[in-house]
$ cat work-v6.txt   # compact mmCIF, C-alpha atoms and all ligand atoms
# COMPACT_ATOMS: atom_id res chain seq x y z
CA MET I 1 -4.50 -10.98 -10.57
CA GLN I 2 -4.74 -12.36 -7.03
CA ALA I 3 -3.31 -10.44 -4.07
CA ALA I 4 -0.95 -13.31 -3.18
CA GLU I 5 0.63 -13.16 -6.63
CA ALA I 6 0.90 -9.38 -6.73
CA TRP I 7 2.34 -9.01 -3.23
CA GLY I 8 4.57 -12.09 -2.92
CA ASN I 9 6.46 -12.15 0.38
CA ARG I 10 4.42 -9.38 1.89
CA TRP I 11 1.28 -11.48 1.48
CA THR I 12 2.81 -14.73 2.65
CA ASN I 13 4.42 -13.16 5.72
CA ALA I 14 1.48 -10.99 6.80
CA VAL I 15 0.31 -11.58 10.37
CA LEU I 16 -2.25 -8.85 10.97
CA PRO I 17 -5.60 -9.35 9.18
CA MET I 18 -5.59 -5.63 8.29
CA ALA I 19 -2.42 -6.13 6.22
CA ARG I 20 -4.12 -8.67 3.98
CA ARG I 21 -7.25 -6.58 3.79
CA TYR I 22 -5.21 -3.68 2.46
CA MET I 23 -3.39 -5.88 -0.06
CA GLU I 24 -6.69 -7.28 -1.28
CA VAL I 25 -8.27 -3.86 -1.73
CA ALA I 26 -5.14 -2.51 -3.42
CA THR I 27 -5.06 -5.47 -5.81
CA GLU I 28 -8.73 -5.21 -6.62
CA LYS I 29 -8.40 -1.51 -7.39
CA GLN I 30 -4.90 -1.78 -8.85
CA SER I 31 -3.94 1.16 -6.70
CA LEU I 32 -1.46 1.56 -3.85
CA VAL I 33 -2.71 5.06 -3.19
CA CYS I 34 -3.91 6.39 0.14
CA LEU I 35 -5.55 9.77 -0.28
CA ALA I 36 -4.68 12.30 2.43
CA ALA I 37 -8.12 13.92 2.50
CA ASP I 38 -7.06 17.16 4.15
CA LYS I 39 -10.25 19.14 3.56
CA ASN I 40 -11.63 21.51 6.17
CA THR I 41 -15.32 20.99 5.52
CA MET I 42 -17.58 17.96 5.47
CA SER I 43 -18.96 18.91 2.06
CA GLY I 44 -15.43 19.15 0.68
CA LEU I 45 -14.67 15.70 2.06
CA PHE I 46 -17.82 14.13 0.64
CA GLN I 47 -17.16 15.58 -2.78
CA LEU I 48 -13.54 14.45 -2.79
CA VAL I 49 -14.21 10.88 -1.74
CA VAL I 50 -16.97 10.44 -4.30
CA GLU I 51 -14.72 11.77 -7.09
CA VAL I 52 -11.57 9.93 -6.17
CA GLY I 53 -12.91 6.82 -4.36
CA PRO I 54 -12.59 4.44 -7.34
CA TYR I 55 -8.85 5.13 -7.75
CA ILE I 56 -7.63 4.80 -4.17
CA ALA I 57 -7.29 1.96 -1.67
CA ALA I 58 -7.32 3.92 1.57
CA LEU I 59 -8.47 7.24 2.91
CA LYS I 60 -6.34 9.12 5.41
CA THR I 61 -8.11 11.58 7.67
CA HIS I 62 -7.30 14.23 10.27
CA VAL I 63 -10.60 14.22 12.07
CA ASP I 64 -9.66 17.27 14.19
CA LEU I 65 -9.11 19.75 11.36
CA ILE I 66 -12.68 19.86 10.07
CA ASP I 67 -14.54 23.11 10.80
CA ASP I 68 -18.10 21.74 10.70
CA TRP I 69 -17.49 18.23 12.06
CA THR I 70 -20.46 16.45 13.63
CA PRO I 71 -20.71 12.80 14.71
CA GLU I 72 -23.69 12.24 12.41
CA ALA I 73 -21.97 13.65 9.33
CA TRP I 74 -18.88 11.61 10.13
CA VAL I 75 -20.81 8.33 10.36
CA GLU I 76 -22.29 9.07 6.96
CA PHE I 77 -18.89 9.97 5.54
CA CYS I 78 -17.41 6.68 6.76
CA GLN I 79 -20.30 4.84 5.13
CA VAL I 80 -19.51 6.49 1.80
CA ALA I 81 -15.87 5.48 2.24
CA LYS I 82 -16.94 1.88 2.93
CA GLN I 83 -19.13 1.88 -0.18
CA HIS I 84 -15.96 2.63 -2.11
CA ASN I 85 -14.23 -0.24 -0.31
CA LEU I 86 -11.70 2.09 1.34
CA LEU I 87 -9.70 1.47 4.48
CA ILE I 88 -10.04 4.41 6.83
CA PHE I 89 -6.80 5.63 8.32
CA GLU I 90 -6.81 8.32 11.03
CA ASP I 91 -3.39 9.94 11.08
CA ARG I 92 -3.69 10.82 14.77
CA LYS I 93 0.00 10.32 15.63
CA PHE I 94 -0.76 9.08 19.13
CA ALA I 95 2.20 9.52 21.46
CA ASP I 96 1.03 9.27 25.07
CA ILE I 97 1.36 6.37 27.50
CA GLY I 98 -0.62 3.21 26.72
CA LYS I 99 -3.70 3.78 28.86
CA ILE I 100 -4.18 7.40 27.76
CA SER I 101 -3.76 6.51 24.09
CA GLN I 102 -6.37 3.82 24.67
CA SER I 103 -8.78 6.44 26.08
CA GLN I 104 -7.95 8.89 23.28
CA MET I 105 -9.26 6.30 20.82
CA GLY I 106 -12.65 7.10 22.40
CA GLY I 107 -13.73 10.59 23.39
CA ILE I 108 -15.80 12.82 21.14
CA TYR I 109 -14.26 11.54 17.90
CA ASP I 110 -14.46 7.87 18.93
CA ILE I 111 -11.66 6.96 16.52
CA ARG I 112 -11.74 3.29 17.59
CA SER I 113 -15.23 2.80 16.19
CA TRP I 114 -14.47 3.83 12.58
CA SER I 115 -10.71 3.73 11.95
CA ASP I 116 -9.00 0.68 10.44
CA ILE I 117 -5.52 2.12 10.84
CA VAL I 118 -3.96 4.80 13.05
CA THR I 119 -0.46 6.27 13.34
CA ALA I 120 1.58 6.38 16.54
CA HIS I 121 4.97 7.56 17.71
CA LEU I 122 6.88 5.03 19.80
CA ILE I 123 8.45 7.78 21.93
CA SER I 124 6.56 6.73 25.07
CA GLY I 125 7.47 3.03 24.72
CA PRO I 126 5.89 -0.14 23.30
CA ASP I 127 2.73 -0.17 25.45
CA ILE I 128 1.13 2.41 23.20
CA VAL I 129 0.50 -0.36 20.66
CA ASP I 130 -1.31 -2.48 23.26
CA GLY I 131 -3.34 0.56 24.32
CA LEU I 132 -4.51 1.24 20.78
CA GLN I 133 -5.21 -2.42 20.05
CA SER I 134 -7.24 -2.83 23.23
CA ALA I 135 -9.34 0.20 22.26
CA TRP I 136 -10.34 -1.47 18.96
CA LYS I 137 -10.97 -4.72 20.82
CA SER I 138 -13.23 -2.98 23.34
CA VAL I 139 -15.68 -2.14 20.54
CA GLY I 140 -15.33 -5.51 18.79
CA ARG I 141 -13.18 -4.22 15.95
CA GLU I 142 -9.74 -4.91 14.53
CA GLY I 143 -7.15 -2.43 13.35
CA GLY I 144 -3.49 -1.90 12.61
CA VAL I 145 -0.94 0.60 13.93
CA LEU I 146 1.59 2.34 11.71
CA LEU I 147 4.60 3.48 13.71
CA LEU I 148 6.50 6.57 12.63
CA ALA I 149 9.97 5.28 11.75
CA GLN I 150 10.69 8.28 9.50
CA MET I 151 8.94 11.51 8.58
CA SER I 152 8.79 13.45 5.34
CA SER I 153 9.30 16.92 6.78
CA ARG I 154 12.71 18.55 6.77
CA GLY I 155 14.60 18.84 10.03
CA ASN I 156 12.52 16.21 11.81
CA LEU I 157 14.09 14.73 14.93
CA LEU I 158 13.69 11.04 14.09
CA THR I 159 17.39 10.15 14.08
CA GLU I 160 18.76 6.93 12.59
CA ASP I 161 19.19 5.44 16.05
CA TYR I 162 15.66 6.33 17.03
CA SER I 163 14.33 4.96 13.75
CA GLN I 164 16.23 1.71 14.29
CA ASN I 165 14.73 1.32 17.77
CA VAL I 166 11.25 1.85 16.35
CA VAL I 167 11.88 -0.81 13.70
CA ASP I 168 13.44 -3.33 16.12
CA ASN I 169 10.49 -2.95 18.42
CA GLY I 170 7.75 -2.75 15.81
CA ILE I 171 8.71 -5.80 13.77
CA GLN I 172 8.17 -7.97 16.83
CA SER I 173 4.77 -6.54 17.66
CA ASP I 174 1.67 -8.29 16.29
CA GLY I 175 -0.47 -5.16 16.58
CA VAL I 176 1.83 -3.23 14.28
CA LEU I 177 0.75 -3.10 10.64
CA GLY I 178 3.99 -1.44 9.68
CA PHE I 179 5.86 1.83 9.54
CA ILE I 180 5.65 5.30 8.14
CA GLY I 181 8.67 5.92 5.92
CA ASN I 182 9.84 9.06 4.19
CA GLY I 183 8.42 9.00 0.65
CA SER I 184 10.52 11.96 -0.41
CA ARG I 185 13.87 10.14 -0.21
CA PRO I 186 14.07 6.80 -2.08
CA GLU I 187 17.52 6.12 -0.62
CA GLU I 188 16.24 6.47 2.96
CA LEU I 189 13.32 4.28 2.01
CA LYS I 190 15.52 1.52 0.60
CA ASP I 191 17.50 1.58 3.81
CA LEU I 192 14.30 1.41 5.87
CA ARG I 193 13.04 -1.54 3.82
CA ARG I 194 16.31 -3.37 4.36
CA ARG I 195 15.98 -2.86 8.11
CA VAL I 196 12.27 -3.72 8.24
CA GLY I 197 12.55 -6.92 6.18
CA GLU I 198 9.74 -8.45 4.15
CA GLN I 199 6.96 -8.83 6.67
CA LYS I 200 5.70 -5.42 7.77
CA MET I 201 4.29 -2.67 5.58
CA ILE I 202 5.87 0.69 4.84
CA TRP I 203 3.50 3.53 3.98
CA THR I 204 4.95 6.78 2.71
CA PRO I 205 3.79 10.41 2.78
CA GLY I 206 5.81 13.10 1.03
CA VAL I 207 4.91 11.90 -2.45
CA ASN I 208 3.99 14.03 -5.45
CA ILE I 209 4.55 13.78 -9.20
CA ALA I 210 6.03 17.27 -8.85
CA VAL I 211 9.06 16.35 -6.75
CA GLY I 212 10.92 18.89 -4.61
CA ASP I 213 10.11 21.14 -1.69
CA GLY I 214 6.52 21.70 -0.59
CA GLU I 215 4.92 24.11 1.84
CA MET I 216 6.34 24.62 5.35
CA GLY I 217 9.13 22.09 5.19
CA GLN I 218 7.26 19.31 3.42
CA ARG I 219 9.36 17.44 0.83
CA TYR I 220 8.17 15.37 -2.12
CA GLY I 221 9.54 12.36 -3.93
CA ASP I 222 8.37 10.45 -6.99
CA PRO I 223 5.44 8.00 -6.55
CA TYR I 224 6.84 5.20 -8.75
CA GLU I 225 10.28 5.44 -7.15
CA ALA I 226 8.79 5.27 -3.65
CA ILE I 227 7.14 1.94 -4.48
CA THR I 228 10.17 0.43 -6.17
CA ALA I 229 12.28 1.54 -3.18
CA GLY I 230 10.08 -0.54 -0.89
CA SER I 231 6.96 1.44 -0.01
CA ASP I 232 3.68 -0.48 0.01
CA CYS I 233 1.41 2.54 -0.10
CA ILE I 234 1.92 6.10 -1.27
CA ILE I 235 0.09 8.70 0.79
CA VAL I 236 -0.83 11.57 -1.49
CA GLY I 237 -2.67 14.71 -0.38
CA SER I 238 -2.40 17.99 -2.26
CA GLY I 239 -1.01 16.21 -5.34
CA ILE I 240 -4.57 14.91 -5.78
CA HIS I 241 -6.98 17.15 -3.87
CA ARG I 242 -5.52 20.41 -5.18
CA ALA I 243 -5.44 19.23 -8.79
CA ASP I 244 -7.86 20.71 -11.31
CA ASN I 245 -9.21 17.25 -11.96
CA PRO I 246 -8.63 15.13 -8.84
CA ALA I 247 -10.11 11.94 -10.32
CA GLU I 248 -7.90 12.04 -13.40
CA VAL I 249 -4.79 12.70 -11.34
CA ALA I 250 -5.69 10.04 -8.77
CA GLU I 251 -5.94 7.52 -11.60
CA GLN I 252 -2.48 8.56 -12.74
CA TYR I 253 -1.03 7.99 -9.24
CA ALA I 254 -2.84 4.65 -9.06
CA LYS I 255 -1.30 3.49 -12.35
CA LEU I 256 2.20 4.55 -11.34
CA SER I 257 1.91 2.84 -7.97
CA TRP I 258 0.52 -0.40 -9.39
CA GLN I 259 3.21 -0.49 -12.06
CA GLY I 260 5.78 0.04 -9.29
CA LEU I 261 4.49 -3.01 -7.44
CA LEU I 262 4.53 -5.21 -10.55
CA ASP I 263 8.06 -4.09 -11.47
CA ARG I 264 9.30 -4.64 -7.95
P1 LIG E 1 0.50 16.44 1.15
O1 LIG E 1 -0.55 17.41 0.78
O2 LIG E 1 0.66 15.30 0.12
O3 LIG E 1 1.79 17.08 1.51
O4 LIG E 1 -0.09 15.74 2.50
C1 LIG E 1 0.66 14.86 3.26
C2 LIG E 1 -0.17 14.23 4.35
O5 LIG E 1 0.61 13.22 4.99
C3 LIG E 1 -0.64 15.16 5.44
O6 LIG E 1 -1.95 14.75 5.82
C4 LIG E 1 0.31 14.93 6.60
O7 LIG E 1 -0.30 15.00 7.87
C5 LIG E 1 0.76 13.50 6.37
N1 LIG E 1 2.15 13.23 6.79
C6 LIG E 1 3.24 13.83 6.18
O8 LIG E 1 3.10 14.63 5.27
N2 LIG E 1 4.52 13.50 6.59
C7 LIG E 1 4.75 12.63 7.60
O9 LIG E 1 5.91 12.34 7.92
C8 LIG E 1 3.61 12.04 8.22
C9 LIG E 1 2.35 12.35 7.79
BR1 LIG E 1 3.85 10.82 9.58

$ encode --input "work-v6.txt" --output "structure tokens"
Amino acid sequence: MQAAEAWGNRWTNAVLPMARRYMEVATEKQSLVCLAADKNTMSGLFQLVVEVGPYIAALKTHVDLIDDWTPEAWVEFCQVAKQHNLLIFEDRKFADIGKISQSQMGGIYDIRSWSDIVTAHLISGPDIVDGLQSAWKSVGREGGVLLLAQMSSRGNLLTEDYSQNVVDNGIQSDGVLGFIGNGSRPEELKDLRRRVGEQKMIWTPGVNIAVGDGEMGQRYGDPYEAITAGSDCIIVGSGIHRADNPAEVAEQYAKLSWQGLLDR
């Protein structure tokens, strides 16, 4: 199946090259799964990506939680991810003013030189998107920003009004790949999809086959339901990396997500 056929409106309406790249990879792998690779060691990360790489479309990182991080090991890790045809998504949740966010794409981690996607809050205003985009441009690369329109954690302060402002602003911005939605609540997600329309992506953390409450306020919803409610990518962490057999479980998430897309 071709990406255009599988994705319909989302494909036709896509503006950002990164959106189509994701849809192509997801179609090729028949997986709308982004693995949240929350491992604290480089060896743990390498092992995980090699095991699970064939069943996922994107790899979400938190580059600042790794105990033995080195630039050399990271370059190698990104190469392994690329060999598995994975988009690399640094969940940095940038929030500062435009020019500082731009600089924070550099620094010791140099996120601009290896990330395809990053997350940002819109709390400081719309210039953050320009700051992040100009950082990618400064190293001759392209990327996409996911704005936090919702969060999966209980008691978060992203009110409906705030969320609506993020959506109104983000849908008009070319540098925005889409939005983070709350994968744990299909009803909220349907509402978000209605407000976002058919062009931009919605990616959703807070997804696990075992639905319900997680650790420290995390909440989980069903992977298939998240996709049919309007999510374009389920972000799954512990559901996969804490499983006894991560590869087997990742394949299961991939199948559910792909079926969700076809049914939708
Ligand atoms: P989990 O193990 O599936 O709960 O991991 C979820 C991941 O998604 C983790 O890396 C979080 O940083 C990330 N996340 C989230 O859980 N909820 C949110 O609203 C956002 C990100 Br934004």

$ closest_atom_pairs --input "work-v6.txt" --of "chain I" --to "ligand LIG 1 (chain E)" --cutoff "9 Å" --atoms "only C-alpha atoms and all ligand atoms" --output "tab-separated table"
residue	atom	partner	partner_atom	distance
I:Leu35	CA	E:LIG1	O2	8.3
I:Ala36	CA	E:LIG1	O6	5.0
I:Ala37	CA	E:LIG1	O6	7.1
I:Asp38	CA	E:LIG1	O6	5.9
I:Lys60	CA	E:LIG1	O6	7.2
I:Thr61	CA	E:LIG1	O6	7.2
I:His62	CA	E:LIG1	O6	7.0
I:Asp91	CA	E:LIG1	O7	6.7
I:Arg92	CA	E:LIG1	O7	8.8
I:Lys93	CA	E:LIG1	BR1	7.2
I:Thr119	CA	E:LIG1	BR1	7.3
I:Ala120	CA	E:LIG1	BR1	8.6
I:His121	CA	E:LIG1	BR1	8.8
I:Leu147	CA	E:LIG1	BR1	8.5
I:Leu148	CA	E:LIG1	BR1	5.9
I:Ala149	CA	E:LIG1	BR1	8.5
I:Gln150	CA	E:LIG1	O9	6.5
I:Met151	CA	E:LIG1	O9	3.2
I:Ser152	CA	E:LIG1	O9	4.0
I:Ser153	CA	E:LIG1	O9	5.8
I:Asn156	CA	E:LIG1	O9	8.6
I:Ile180	CA	E:LIG1	BR1	6.0
I:Gly181	CA	E:LIG1	O9	7.3
I:Asn182	CA	E:LIG1	O9	6.3
I:Gly183	CA	E:LIG1	O9	8.4
I:Thr204	CA	E:LIG1	C7	7.6
I:Pro205	CA	E:LIG1	O5	4.8
I:Gly206	CA	E:LIG1	O8	5.3
I:Val207	CA	E:LIG1	O2	6.0
I:Asn208	CA	E:LIG1	O2	6.6
I:Gly214	CA	E:LIG1	O3	6.9
I:Glu215	CA	E:LIG1	O3	7.7
I:Gln218	CA	E:LIG1	O3	6.2
I:Arg219	CA	E:LIG1	O3	7.6
I:Tyr220	CA	E:LIG1	O3	7.5
I:Ile235	CA	E:LIG1	O5	6.2
I:Val236	CA	E:LIG1	O2	4.3
I:Gly237	CA	E:LIG1	O2	3.4
I:Ser238	CA	E:LIG1	O1	3.6
I:Gly239	CA	E:LIG1	O2	5.8
I:Ile240	CA	E:LIG1	O2	7.9
I:His241	CA	E:LIG1	O1	7.9
I:Arg242	CA	E:LIG1	O1	8.3

$ atom_distance --input "work-v6.txt" --atom1 "CA of Leu122 (chain I)" --atom2 "CA of Cys233 (chain I)"
20.8 Å

$ closest_atom_pairs --input "work-v6.txt" --of "region 177-234 of chain I" --to "region 10-32 of chain I" --cutoff "7 Å" --atoms "all atoms listed in the file" --output "CSV"
residue,atom,partner,partner_atom,distance
I:Leu177,CA,I:Ala19,CA,6.2
I:Glu198,CA,I:Arg10,CA,5.9
I:Gln199,CA,I:Asn13,CA,5.1
I:Asp232,CA,I:Leu32,CA,6.7
I:Cys233,CA,I:Leu32,CA,4.8
I:Ile234,CA,I:Leu32,CA,6.2

$ atom_distance --input "work-v6.txt" --atom1 "CA of Cys34 (chain I)" --atom2 "CA of Ala58 (chain I)"
4.4 Å

$ closest_residue --input "work-v6.txt" --among "I:Val50, I:Leu65, I:Ile100, I:Leu189" --to "Asn85 (chain I)" --atoms "all atoms listed in the file"
I:Val50

$ residues_near_point --input "work-v6.txt" --point "(-9.7, 6.3, 22.1)" --cutoff "12 Å" --atoms "only C-alpha atoms" --output "PyMOL selection string"
chain I and resi 90+92+94+96+98-115+118+128+131-139

$ closest_residue --input "work-v6.txt" --among "I:Val176, I:Leu158, I:Val196, I:Val166" --to "Asp130 (chain I)" --atoms "all atoms listed in the file"
I:Val176

$ atom_distance --input "work-v6.txt" --atom1 "CA of His84 (chain I)" --atom2 "CA of Ala226 (chain I)"
24.9 Å
